[in-house]
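Visitor: Pasting run-v5.tsv below, which is TSV, C-alpha atoms and all ligand atoms.
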```
chain	number	residue	atom	x	y	z
A	5	MET	CA	37.51	102.12	-134.69
A	6	ASN	CA	37.78	104.37	-131.67
A	7	SER	CA	40.79	103.86	-129.47
A	8	ARG	CA	38.86	102.32	-126.57
A	9	ARG	CA	37.29	99.64	-128.77
A	10	LYS	CA	40.66	99.03	-130.42
A	11	PHE	CA	42.18	98.62	-126.95
A	12	ILE	CA	39.55	96.03	-125.94
A	13	LYS	CA	39.94	94.13	-129.19
A	14	LEU	CA	43.72	94.06	-128.92
A	15	SER	CA	43.49	93.04	-125.27
A	16	ALA	CA	41.23	90.12	-126.12
A	17	LEU	CA	43.52	89.08	-128.95
A	18	GLY	CA	46.58	89.20	-126.74
A	19	ALA	CA	44.88	87.27	-123.96
A	20	THR	CA	43.68	84.59	-126.37
A	21	ILE	CA	47.00	84.05	-128.07
A	22	LEU	CA	49.26	84.29	-125.10
A	23	GLY	CA	47.11	83.42	-122.12
A	24	GLY	CA	47.58	86.71	-120.28
A	25	GLY	CA	50.34	87.60	-117.78
A	26	PHE	CA	53.69	89.06	-118.71
A	27	PRO	CA	53.87	87.69	-122.28
A	28	PHE	CA	50.52	89.27	-122.98
A	29	GLU	CA	51.68	92.58	-121.60
A	30	ARG	CA	54.74	92.41	-123.78
A	31	ALA	CA	52.82	91.49	-126.91
A	32	PHE	CA	50.29	94.17	-126.26
A	33	ALA	CA	52.91	96.80	-125.60
A	34	GLY	CA	54.62	95.69	-128.79
A	35	THR	CA	51.39	96.01	-130.77
A	36	LEU	CA	51.08	99.61	-129.73
A	37	GLY	CA	54.75	100.24	-130.35
A	38	VAL	CA	55.52	100.82	-126.67
A	39	ALA	CA	58.48	98.65	-125.77
A	40	LYS	CA	58.39	97.14	-122.33
A	41	THR	CA	61.57	97.67	-120.37
A	42	ASN	CA	63.22	94.72	-118.65
A	43	LYS	CA	64.23	96.34	-115.37
A	44	PRO	CA	65.92	96.02	-113.07
A	45	VAL	CA	68.59	93.85	-114.63
A	46	VAL	CA	72.29	93.25	-113.98
A	47	ILE	CA	74.82	91.48	-116.18
A	48	SER	CA	78.48	90.72	-115.62
A	49	THR	CA	81.40	88.89	-117.12
A	50	TRP	CA	82.35	85.30	-116.33
A	51	ASN	CA	81.15	82.75	-113.76
A	52	HIS	CA	82.05	84.93	-110.82
A	53	GLY	CA	79.37	87.26	-112.17
A	54	ILE	CA	76.75	85.03	-110.53
A	55	PRO	CA	77.55	85.82	-106.87
A	56	ALA	CA	78.47	89.37	-107.86
A	57	ASN	CA	75.10	89.84	-109.57
A	58	ALA	CA	73.35	88.42	-106.49
A	59	ALA	CA	74.87	91.19	-104.35
A	60	ALA	CA	73.87	93.79	-106.93
A	61	TRP	CA	70.37	92.32	-107.13
A	62	GLU	CA	69.82	92.81	-103.39
A	63	ILE	CA	70.09	96.53	-104.07
A	64	LEU	CA	68.31	96.62	-107.43
A	65	SER	CA	65.33	94.60	-106.19
A	66	GLN	CA	64.86	97.12	-103.34
A	67	LYS	CA	64.71	99.90	-105.95
A	68	GLY	CA	68.28	100.93	-105.14
A	69	SER	CA	70.46	102.71	-107.69
A	70	ALA	CA	72.42	101.00	-110.45
A	71	LEU	CA	75.51	102.81	-109.17
A	72	ASP	CA	75.24	101.34	-105.66
A	73	ALA	CA	74.42	97.96	-107.17
A	74	VAL	CA	77.47	97.71	-109.44
A	75	GLU	CA	79.83	98.84	-106.70
A	76	ALA	CA	78.43	96.31	-104.21
A	77	GLY	CA	78.38	93.63	-106.90
A	78	VAL	CA	82.00	93.78	-107.99
A	79	ARG	CA	83.22	94.03	-104.40
A	80	VAL	CA	82.29	90.33	-104.09
A	81	PRO	CA	85.01	88.96	-106.42
A	82	GLU	CA	87.39	91.72	-105.26
A	83	ALA	CA	87.28	90.24	-101.75
A	84	ASP	CA	87.29	86.58	-102.84
A	85	PRO	CA	90.78	85.01	-102.74
A	86	GLU	CA	89.54	82.19	-104.96
A	87	VAL	CA	89.02	84.66	-107.82
A	88	ARG	CA	92.62	84.92	-109.01
A	89	THR	CA	92.13	87.71	-111.50
A	90	VAL	CA	90.41	90.40	-109.44
A	91	GLY	CA	91.38	92.16	-106.20
A	92	TYR	CA	92.58	90.19	-103.17
A	93	GLY	CA	94.27	86.96	-104.29
A	94	GLY	CA	94.79	88.21	-107.85
A	95	TYR	CA	97.86	87.05	-109.75
A	96	PRO	CA	100.79	89.41	-109.21
A	97	ASP	CA	102.94	91.04	-111.84
A	98	ARG	CA	106.28	89.49	-112.82
A	99	GLU	CA	107.94	91.06	-109.75
A	100	GLY	CA	105.37	89.72	-107.32
A	101	HIS	CA	103.29	92.88	-106.83
A	102	VAL	CA	99.49	92.66	-107.00
A	103	THR	CA	98.53	95.83	-108.88
A	104	LEU	CA	94.88	96.62	-109.44
A	105	ASP	CA	92.87	98.60	-112.01
A	106	ALA	CA	89.22	99.66	-111.69
A	107	CYS	CA	86.68	102.18	-112.90
A	108	ILE	CA	83.04	103.10	-112.37
A	109	MET	CA	80.60	105.25	-114.35
A	110	ASP	CA	77.11	106.54	-113.52
A	111	LYS	CA	73.97	107.73	-115.29
A	112	ASP	CA	75.20	111.32	-115.46
A	113	SER	CA	78.48	110.36	-117.16
A	114	ASN	CA	80.37	110.92	-113.93
A	115	CYS	CA	83.26	108.53	-113.71
A	116	GLY	CA	86.18	107.59	-111.52
A	117	ALA	CA	89.14	105.28	-111.93
A	118	VAL	CA	92.27	103.98	-110.26
A	119	ALA	CA	95.16	102.22	-111.97
A	120	PHE	CA	98.33	100.49	-110.79
A	121	LEU	CA	96.96	100.59	-107.25
A	122	GLN	CA	98.55	98.32	-104.67
A	123	HIS	CA	97.57	97.13	-101.16
A	124	ILE	CA	93.89	98.10	-101.33
A	125	LYS	CA	91.36	95.30	-101.51
A	126	HIS	CA	88.51	97.29	-103.03
A	127	PRO	CA	89.82	99.46	-105.88
A	128	ILE	CA	86.26	99.94	-107.16
A	129	SER	CA	85.33	101.83	-103.99
A	130	VAL	CA	88.44	103.99	-104.32
A	131	ALA	CA	87.42	104.68	-107.94
A	132	ARG	CA	84.01	105.77	-106.71
A	133	LYS	CA	85.64	108.12	-104.20
A	134	VAL	CA	87.77	109.59	-107.00
A	135	MET	CA	84.53	110.21	-108.88
A	136	GLU	CA	82.63	111.70	-105.97
A	137	ASP	CA	85.26	113.43	-103.85
A	138	THR	CA	87.72	114.86	-106.38
A	139	PRO	CA	87.47	116.98	-109.54
A	140	HIS	CA	89.41	114.25	-111.39
A	141	VAL	CA	88.65	111.02	-113.21
A	142	MET	CA	91.75	108.90	-112.59
A	143	LEU	CA	94.44	108.46	-109.95
A	144	VAL	CA	97.32	106.01	-110.38
A	145	GLY	CA	100.01	104.25	-108.42
A	146	GLU	CA	101.38	105.92	-105.30
A	147	GLY	CA	98.96	108.83	-105.65
A	148	ALA	CA	95.99	106.50	-105.78
A	149	LEU	CA	97.29	104.62	-102.73
A	150	GLN	CA	97.85	107.83	-100.80
A	151	PHE	CA	94.32	108.98	-101.65
A	152	ALA	CA	92.85	105.62	-100.60
A	153	LEU	CA	94.67	105.71	-97.25
A	154	GLU	CA	93.48	109.27	-96.65
A	155	LYS	CA	89.93	108.06	-97.29
A	156	GLY	CA	90.35	105.38	-94.63
A	157	PHE	CA	90.84	102.28	-96.78
A	158	PRO	CA	93.08	99.79	-94.91
A	159	LYS	CA	96.49	98.89	-96.33
A	160	GLU	CA	96.62	95.14	-96.83
A	161	ASN	CA	98.80	92.45	-98.31
A	162	LEU	CA	96.86	91.20	-101.34
A	163	LEU	CA	99.26	88.42	-102.36
A	164	THR	CA	97.75	85.20	-101.03
A	165	PRO	CA	99.91	82.09	-100.48
A	166	ALA	CA	98.22	80.43	-103.50
A	167	SER	CA	99.01	83.31	-105.86
A	168	GLU	CA	102.54	83.58	-104.48
A	169	LYS	CA	103.11	79.87	-105.11
A	170	ASP	CA	101.86	80.13	-108.71
A	171	TRP	CA	104.01	83.18	-109.30
A	172	LYS	CA	107.12	81.38	-108.00
A	173	ASN	CA	106.37	78.47	-110.33
A	174	TRP	CA	105.99	80.92	-113.19
A	175	LEU	CA	109.34	82.54	-112.32
A	176	ARG	CA	111.17	79.32	-113.17
A	177	GLU	CA	110.52	79.95	-116.84
A	178	SER	CA	109.39	83.57	-116.68
A	179	LYS	CA	107.71	83.39	-120.04
A	180	TYR	CA	105.12	86.04	-120.55
A	181	LYS	CA	103.14	85.70	-123.69
A	182	PRO	CA	99.63	87.03	-123.44
A	183	VAL	CA	97.81	84.16	-125.10
A	184	ILE	CA	94.23	83.04	-124.79
A	185	ASN	CA	93.90	81.66	-121.34
A	186	ILE	CA	90.68	81.92	-119.45
A	187	GLU	CA	92.61	82.06	-116.20
A	188	ASN	CA	94.38	85.16	-117.44
A	189	HIS	CA	91.28	86.96	-118.61
A	190	ASP	CA	88.74	87.07	-115.86
A	191	THR	CA	88.17	90.72	-115.17
A	192	ILE	CA	84.75	91.47	-113.78
A	193	GLY	CA	82.79	94.05	-115.73
A	194	MET	CA	79.25	94.67	-114.48
A	195	LEU	CA	76.40	96.69	-116.01
A	196	ALA	CA	73.06	97.42	-114.35
A	197	LEU	CA	69.75	99.06	-115.21
A	198	ASP	CA	67.81	100.00	-112.08
A	199	ALA	CA	64.07	100.22	-111.36
A	200	ASN	CA	64.23	103.89	-112.20
A	201	GLY	CA	65.55	103.08	-115.69
A	202	ASP	CA	69.05	104.41	-115.04
A	203	LEU	CA	72.29	102.70	-116.03
A	204	ALA	CA	75.68	102.35	-114.34
A	205	GLY	CA	78.73	100.16	-114.77
A	206	ALA	CA	81.86	99.00	-112.95
A	207	CYS	CA	84.98	97.16	-114.03
A	208	THR	CA	87.77	95.81	-111.79
A	209	THR	CA	90.77	93.53	-112.30
A	210	SER	CA	94.24	92.51	-111.26
A	211	GLY	CA	95.05	92.64	-114.97
A	212	ALA	CA	97.06	90.21	-117.00
A	213	ALA	CA	98.93	87.70	-114.84
A	214	TYR	CA	102.70	88.30	-114.53
A	215	LYS	CA	102.46	91.52	-116.50
A	216	MET	CA	105.31	94.05	-116.58
A	217	TYR	CA	105.58	96.19	-113.46
A	218	GLY	CA	103.53	99.32	-114.15
A	219	ARG	CA	101.47	97.84	-116.99
A	220	VAL	CA	97.88	99.09	-117.05
A	221	GLY	CA	95.20	97.44	-119.18
A	222	ASP	CA	91.85	98.58	-120.50
A	223	SER	CA	89.84	97.93	-117.36
A	224	PRO	CA	90.35	101.32	-115.62
A	225	ILE	CA	90.15	103.31	-118.84
A	226	ILE	CA	86.77	104.91	-119.43
A	227	GLY	CA	85.70	104.15	-122.99
A	228	ALA	CA	87.96	101.11	-123.24
A	229	GLY	CA	87.11	98.75	-120.37
A	230	LEU	CA	83.78	100.41	-119.57
A	231	PHE	CA	81.41	102.99	-120.96
A	232	VAL	CA	77.93	104.13	-119.95
A	233	ASP	CA	75.63	106.54	-121.75
A	234	ASN	CA	72.33	106.73	-119.93
A	235	GLU	CA	70.50	107.68	-123.13
A	236	VAL	CA	71.65	104.57	-124.95
A	237	GLY	CA	73.27	101.76	-123.00
A	238	ALA	CA	76.43	100.48	-121.39
A	239	ALA	CA	79.25	98.11	-122.30
A	240	THR	CA	82.27	96.51	-120.67
A	241	ALA	CA	85.19	94.41	-121.85
A	242	THR	CA	87.35	91.49	-120.84
A	243	GLY	CA	90.34	89.93	-122.52
A	244	LEU	CA	93.60	91.39	-123.73
A	245	GLY	CA	93.43	95.03	-122.67
A	246	GLU	CA	95.87	96.33	-125.27
A	247	ALA	CA	93.52	95.25	-128.08
A	248	VAL	CA	90.54	96.84	-126.33
A	249	ILE	CA	92.34	100.14	-125.74
A	250	ARG	CA	93.35	100.34	-129.41
A	251	MET	CA	89.69	100.32	-130.46
A	252	VAL	CA	88.31	102.20	-127.41
A	253	GLY	CA	86.15	99.10	-127.30
A	254	SER	CA	83.35	99.79	-124.82
A	255	HIS	CA	82.71	103.26	-126.21
A	256	LEU	CA	82.56	101.72	-129.66
A	257	VAL	CA	79.94	99.20	-128.51
A	258	VAL	CA	77.77	101.96	-127.01
A	259	GLU	CA	78.05	104.06	-130.16
A	260	LEU	CA	77.05	101.05	-132.26
A	261	MET	CA	73.96	100.63	-130.04
A	262	ARG	CA	73.22	104.34	-130.53
A	263	GLN	CA	73.12	103.63	-134.26
A	264	GLY	CA	70.31	101.14	-133.64
A	265	ASN	CA	72.15	97.86	-133.22
A	266	SER	CA	71.07	95.37	-130.59
A	267	PRO	CA	73.51	94.81	-127.71
A	268	GLU	CA	74.69	91.51	-129.15
A	269	LYS	CA	75.15	92.91	-132.64
A	270	ALA	CA	76.99	95.95	-131.29
A	271	CYS	CA	79.37	93.61	-129.41
A	272	ARG	CA	79.85	91.53	-132.56
A	273	LEU	CA	80.63	94.55	-134.74
A	274	ALA	CA	83.16	95.80	-132.19
A	275	VAL	CA	84.81	92.37	-132.04
A	276	GLU	CA	84.96	92.31	-135.85
A	277	ARG	CA	86.62	95.74	-135.82
A	278	ILE	CA	89.26	94.40	-133.42
A	279	ILE	CA	89.81	91.35	-135.60
A	280	ALA	CA	90.16	93.55	-138.69
A	281	LYS	CA	92.88	95.64	-137.02
A	282	HIS	CA	95.00	92.71	-135.87
A	283	LYS	CA	96.96	90.62	-138.34
A	284	ASP	CA	96.74	87.45	-136.31
A	285	VAL	CA	94.05	86.81	-133.74
A	286	LYS	CA	94.93	83.18	-133.08
A	287	ASP	CA	96.16	84.05	-129.59
A	288	LEU	CA	93.97	87.07	-129.00
A	289	GLN	CA	90.84	86.96	-126.88
A	290	VAL	CA	88.48	89.87	-126.28
A	291	GLY	CA	84.88	89.70	-125.10
A	292	PHE	CA	82.27	92.43	-124.68
A	293	ILE	CA	78.93	92.50	-122.91
A	294	ALA	CA	76.35	95.23	-123.40
A	295	LEU	CA	73.03	96.34	-121.92
A	296	ASN	CA	70.67	98.88	-123.42
A	297	LYS	CA	68.04	101.23	-121.99
A	298	LYS	CA	65.30	98.66	-122.58
A	299	GLY	CA	67.12	96.10	-120.48
A	300	GLU	CA	68.11	94.03	-123.50
A	301	TYR	CA	71.56	92.51	-123.26
A	302	GLY	CA	74.10	90.50	-125.22
A	303	GLY	CA	77.71	89.44	-125.44
A	304	TYR	CA	80.22	88.49	-128.12
A	305	CYS	CA	83.87	87.43	-128.18
A	306	ILE	CA	86.64	86.45	-130.57
A	307	HIS	CA	87.13	82.83	-129.51
A	308	LYS	CA	84.63	80.67	-127.72
A	309	GLY	CA	85.08	80.17	-124.00
A	310	PHE	CA	83.71	83.44	-122.71
A	311	ASN	CA	80.54	83.55	-120.63
A	312	TYR	CA	78.50	86.10	-118.72
A	313	ALA	CA	75.95	86.09	-115.93
A	314	VAL	CA	72.53	87.74	-115.97
A	315	GLN	CA	70.04	88.41	-113.19
A	316	ASP	CA	66.61	89.93	-113.66
A	317	HIS	CA	63.01	89.15	-112.71
A	318	ALA	CA	63.19	86.06	-114.92
A	319	GLY	CA	65.94	84.62	-112.68
A	320	VAL	CA	69.66	83.88	-112.81
A	321	LYS	CA	71.43	82.77	-115.98
A	322	LEU	CA	74.95	81.99	-117.14
A	323	LEU	CA	75.17	82.47	-120.90
A	324	ASP	CA	77.92	81.59	-123.35
A	325	GLY	CA	78.97	84.62	-125.35
A	326	LYS	CA	78.63	83.99	-129.07
A	327	SER	CA	81.99	84.00	-130.79
A	328	LYS	CA	83.57	84.64	-134.14
A	329	PHE	CA	85.67	81.45	-134.02
B	401	LIG	C1	93.58	93.60	-118.82
B	401	LIG	N1	91.36	93.30	-119.67
B	401	LIG	O1	94.22	94.00	-117.86
B	401	LIG	C2	92.24	92.99	-118.57
B	401	LIG	C3	92.46	91.56	-118.36
B	401	LIG	C4	91.26	90.79	-118.23
B	401	LIG	O2	90.32	89.16	-117.13
B	401	LIG	O3	90.25	90.96	-118.83
B	401	LIG	N2	91.35	89.89	-117.33
B	401	LIG	O4	94.01	93.60	-119.97
```
Would you encode the structure as structure tokens?
Ligand code: SD4
Guide:
Amino acid sequence: MNSRRKFIKLSALGATILGGGFPFERAFAGTLGVAKTNKPVVISTWNHGIPANAAAWEILSQKGSALDAVEAGVRVPEADPEVRTVGYGGYPDREGHVTLDACIMDKDSNCGAVAFLQHIKHPISVARKVMEDTPHVMLVGEGALQFALEKGFPKENLLTPASEKDWKNWLRESKYKPVINIENHDTIGMLALDANGDLAGACTTSGAAYKMYGRVGDSPIIGAGLFVDNEVGAATATGLGEAVIRMVGSHLVVELMRQGNSPEKACRLAVERIIAKHKDVKDLQVGFIALNKKGEYGGYCIHKGFNYAVQDHAGVKLLDGKSKF
């Protein structure tokens, strides 16, 4: 059969079975072995991913870049005092300091990060400046603050009355045991695929509540809290940063996708690796989300209770991450 007749026959078959429209296109593309890409699409961790994704979507739906989208997206929870685990209003460390970690990575493997940064509401935008305006990847502490001030970011008090009150209550017992606690593990990690087919990601957090002064988690560490490879896909993590750093978790997820695993399976295999390396995971929570070049996505975590938000042409969704336990 010549290719034109084959095309017509396949078209008719697709239209009959599926009634035309997008499903037909997908089935037809599948028949010819040409995968249809779901783009643009943005996914991010936890409930606060919904308003964050909406801000990213405004950019993605106008054919803006994934990089601009993820920065704009995660700035939403960074500025929201109700989100107690990211940016302004985040829980302080045990001494009452709000210290922030963030990183960003683009389609060309450029990346920037800040860690142990205080007094700046939008660490993700400082991380982007580190990426774009310096020859370095990461600035920390006083140096990161100095750089942010030089770049014109305002110095602000990030400890809200609500977080201060909770911290003072915590001080009465001062017990810090990083156990599974959704309130303690609400970093936002966001991954986007833009209309051009390019990926980017961002991750930002106030870290574990009442942590030791100076403690830095996985979230600002490229490869641990976030990794993007524009040929393959992107991944980001939430949960107990120490466990994610040990496995270089997000890089692991991307490499597992490179080996042909779906985003969800790659997240599951990475979670299983973390479980295998820890004697007792009863009190350990880690969750990953991943997005590949085709716009397919998935998430997986150790214990149930982790969710992630998705926005694409099909609409807005909040999905429960599958879990090992
Ligand atoms: C950290 N991974 O600092 C972060 C914590 C987290 O939601 O995910 N919070 O270890």
Visitor: Using only C-alpha atoms, find the one residue out of A:Lys169, A:Arg277, A:Arg262, A:Arg219 that sits nearest to Lys297 of chain A.
Guide: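 When distances to Lys297 of chain A are compared using only C-alpha atoms, the smallest one comes from A:Arg262.
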Visitor: Please identify every polymer residue within 8 Å of ligand LIG 401 (chain B), using only C-alpha atoms and all ligand atoms, and present the set as a ChimeraX atom specification.
Guide: /A:89-90,105,186-192,209-212,220-223,229,241-246,248,290
Visitor: A:Leu71, A:Gly193, A:Trp174, A:Phe120: which is nearest Met135 of chain A, counting all atoms listed in the file?
Guide: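 Among A:Leu71, A:Gly193, A:Trp174, A:Phe120, it is A:Leu71 that comes nearest to Met135 of chain A.
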Visitor: Distance cut-off 10 Å, centre (68.3, 106.9, -113.5) in file coordinates, counting only C-alpha atoms: which residues qualify? Return them as an NGL selection string.
Guide: :A and (69-71 or 110-112 or 197-204 or 234-235)
Visitor: Residues near Leu175 of chain A, anyone? I mean within 12 Å using all atoms listed in the file, not counting same-chain ones fewer than 5 positions away, as a ChimeraX atom specification.
Guide: /A:96-100,168-170,180,213-214
Visitor: Can I get the selection written as a PDB file, in the coordinates of the input, with C-alpha atoms?
Guide:
```pdb
ATOM      1  CA  PRO A  96     100.790  89.410-109.210  1.00  0.00           C
ATOM      2  CA  ASP A  97     102.940  91.040-111.840  1.00  0.00           C
ATOM      3  CA  ARG A  98     106.280  89.490-112.820  1.00  0.00           C
ATOM      4  CA  GLU A  99     107.940  91.060-109.750  1.00  0.00           C
ATOM      5  CA  GLY A 100     105.370  89.720-107.320  1.00  0.00           C
ATOM      6  CA  GLU A 168     102.540  83.580-104.480  1.00  0.00           C
ATOM      7  CA  LYS A 169     103.110  79.870-105.110  1.00  0.00           C
ATOM      8  CA  ASP A 170     101.860  80.130-108.710  1.00  0.00           C
ATOM      9  CA  TYR A 180     105.120  86.040-120.550  1.00  0.00           C
ATOM     10  CA  ALA A 213      98.930  87.700-114.840  1.00  0.00           C
ATOM     11  CA  TYR A 214     102.700  88.300-114.530  1.00  0.00           C
TER      12      TYR A 214
END
```
Visitor: Ranking A:Val257, A:Leu322, A:Ala294, A:Val285 by minimum distance to Phe310 of chain A and counting all atoms listed in the file, which one comes first?
Guide: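 For Phe310 of chain A, the nearest of the candidates is A:Leu322.
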Visitor: What lies within 8 Å of Asn311 of chain A using only C-alpha atoms, ignoring chain neighbours under 3 positions off, as a ChimeraX atom specification?
Guide: /A:49-51,322-325
Visitor: Let me know the centre plus edge lengths, in Å and rounded to one decimal, of a box with edges along x, y and z that contains all listed atoms of segment 213-220 of chain A and is padded by 4 Å on every side, as JSON.
Guide:
```
{"center_x": 101.7, "center_y": 93.5, "center_z": -115.3, "size_x": 15.7, "size_y": 19.6, "size_z": 11.6}
```
Visitor: Would you mind telling me which residue in A:Leu295, A:Ala313, A:Val232, A:Ala60 lies nearest to Asn42 of chain A when using all atoms listed in the file?
Guide: A:Leu295
Visitor: Show me the residues close to (79.5, 100.0, -101.7) - anything with an atom within 12 Å, counting all atoms listed in the file - and format the list as a PyMOL selection string.
Guide: chain A and resi 59-60+63+68-80+82+108+126-133+206
Visitor: Using Å and a single decimal, report how far atom CA of His307 of chain A sits from atom CA of Leu288 of chain A.
Guide: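 Atom CA of His307 of chain A lies 8.1 Å from atom CA of Leu288 of chain A.
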Visitor: Rank A:Pro267, A:His52, A:Ala117, A:Gly94 by their smallest atom-to-atom distance to Gly145 of chain A, using all atoms listed in the file, and report the top residue only.
Guide: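 Closest to Gly145 of chain A, using all atoms listed in the file: A:Ala117.
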Visitor: Of the candidates A:Ala58, A:Leu230, A:Met216, A:Ile124, which one gets nearest to Lys179 of chain A if we count only C-alpha atoms?
Guide: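 The answer is A:Met216, which sits nearest to Lys179 of chain A.
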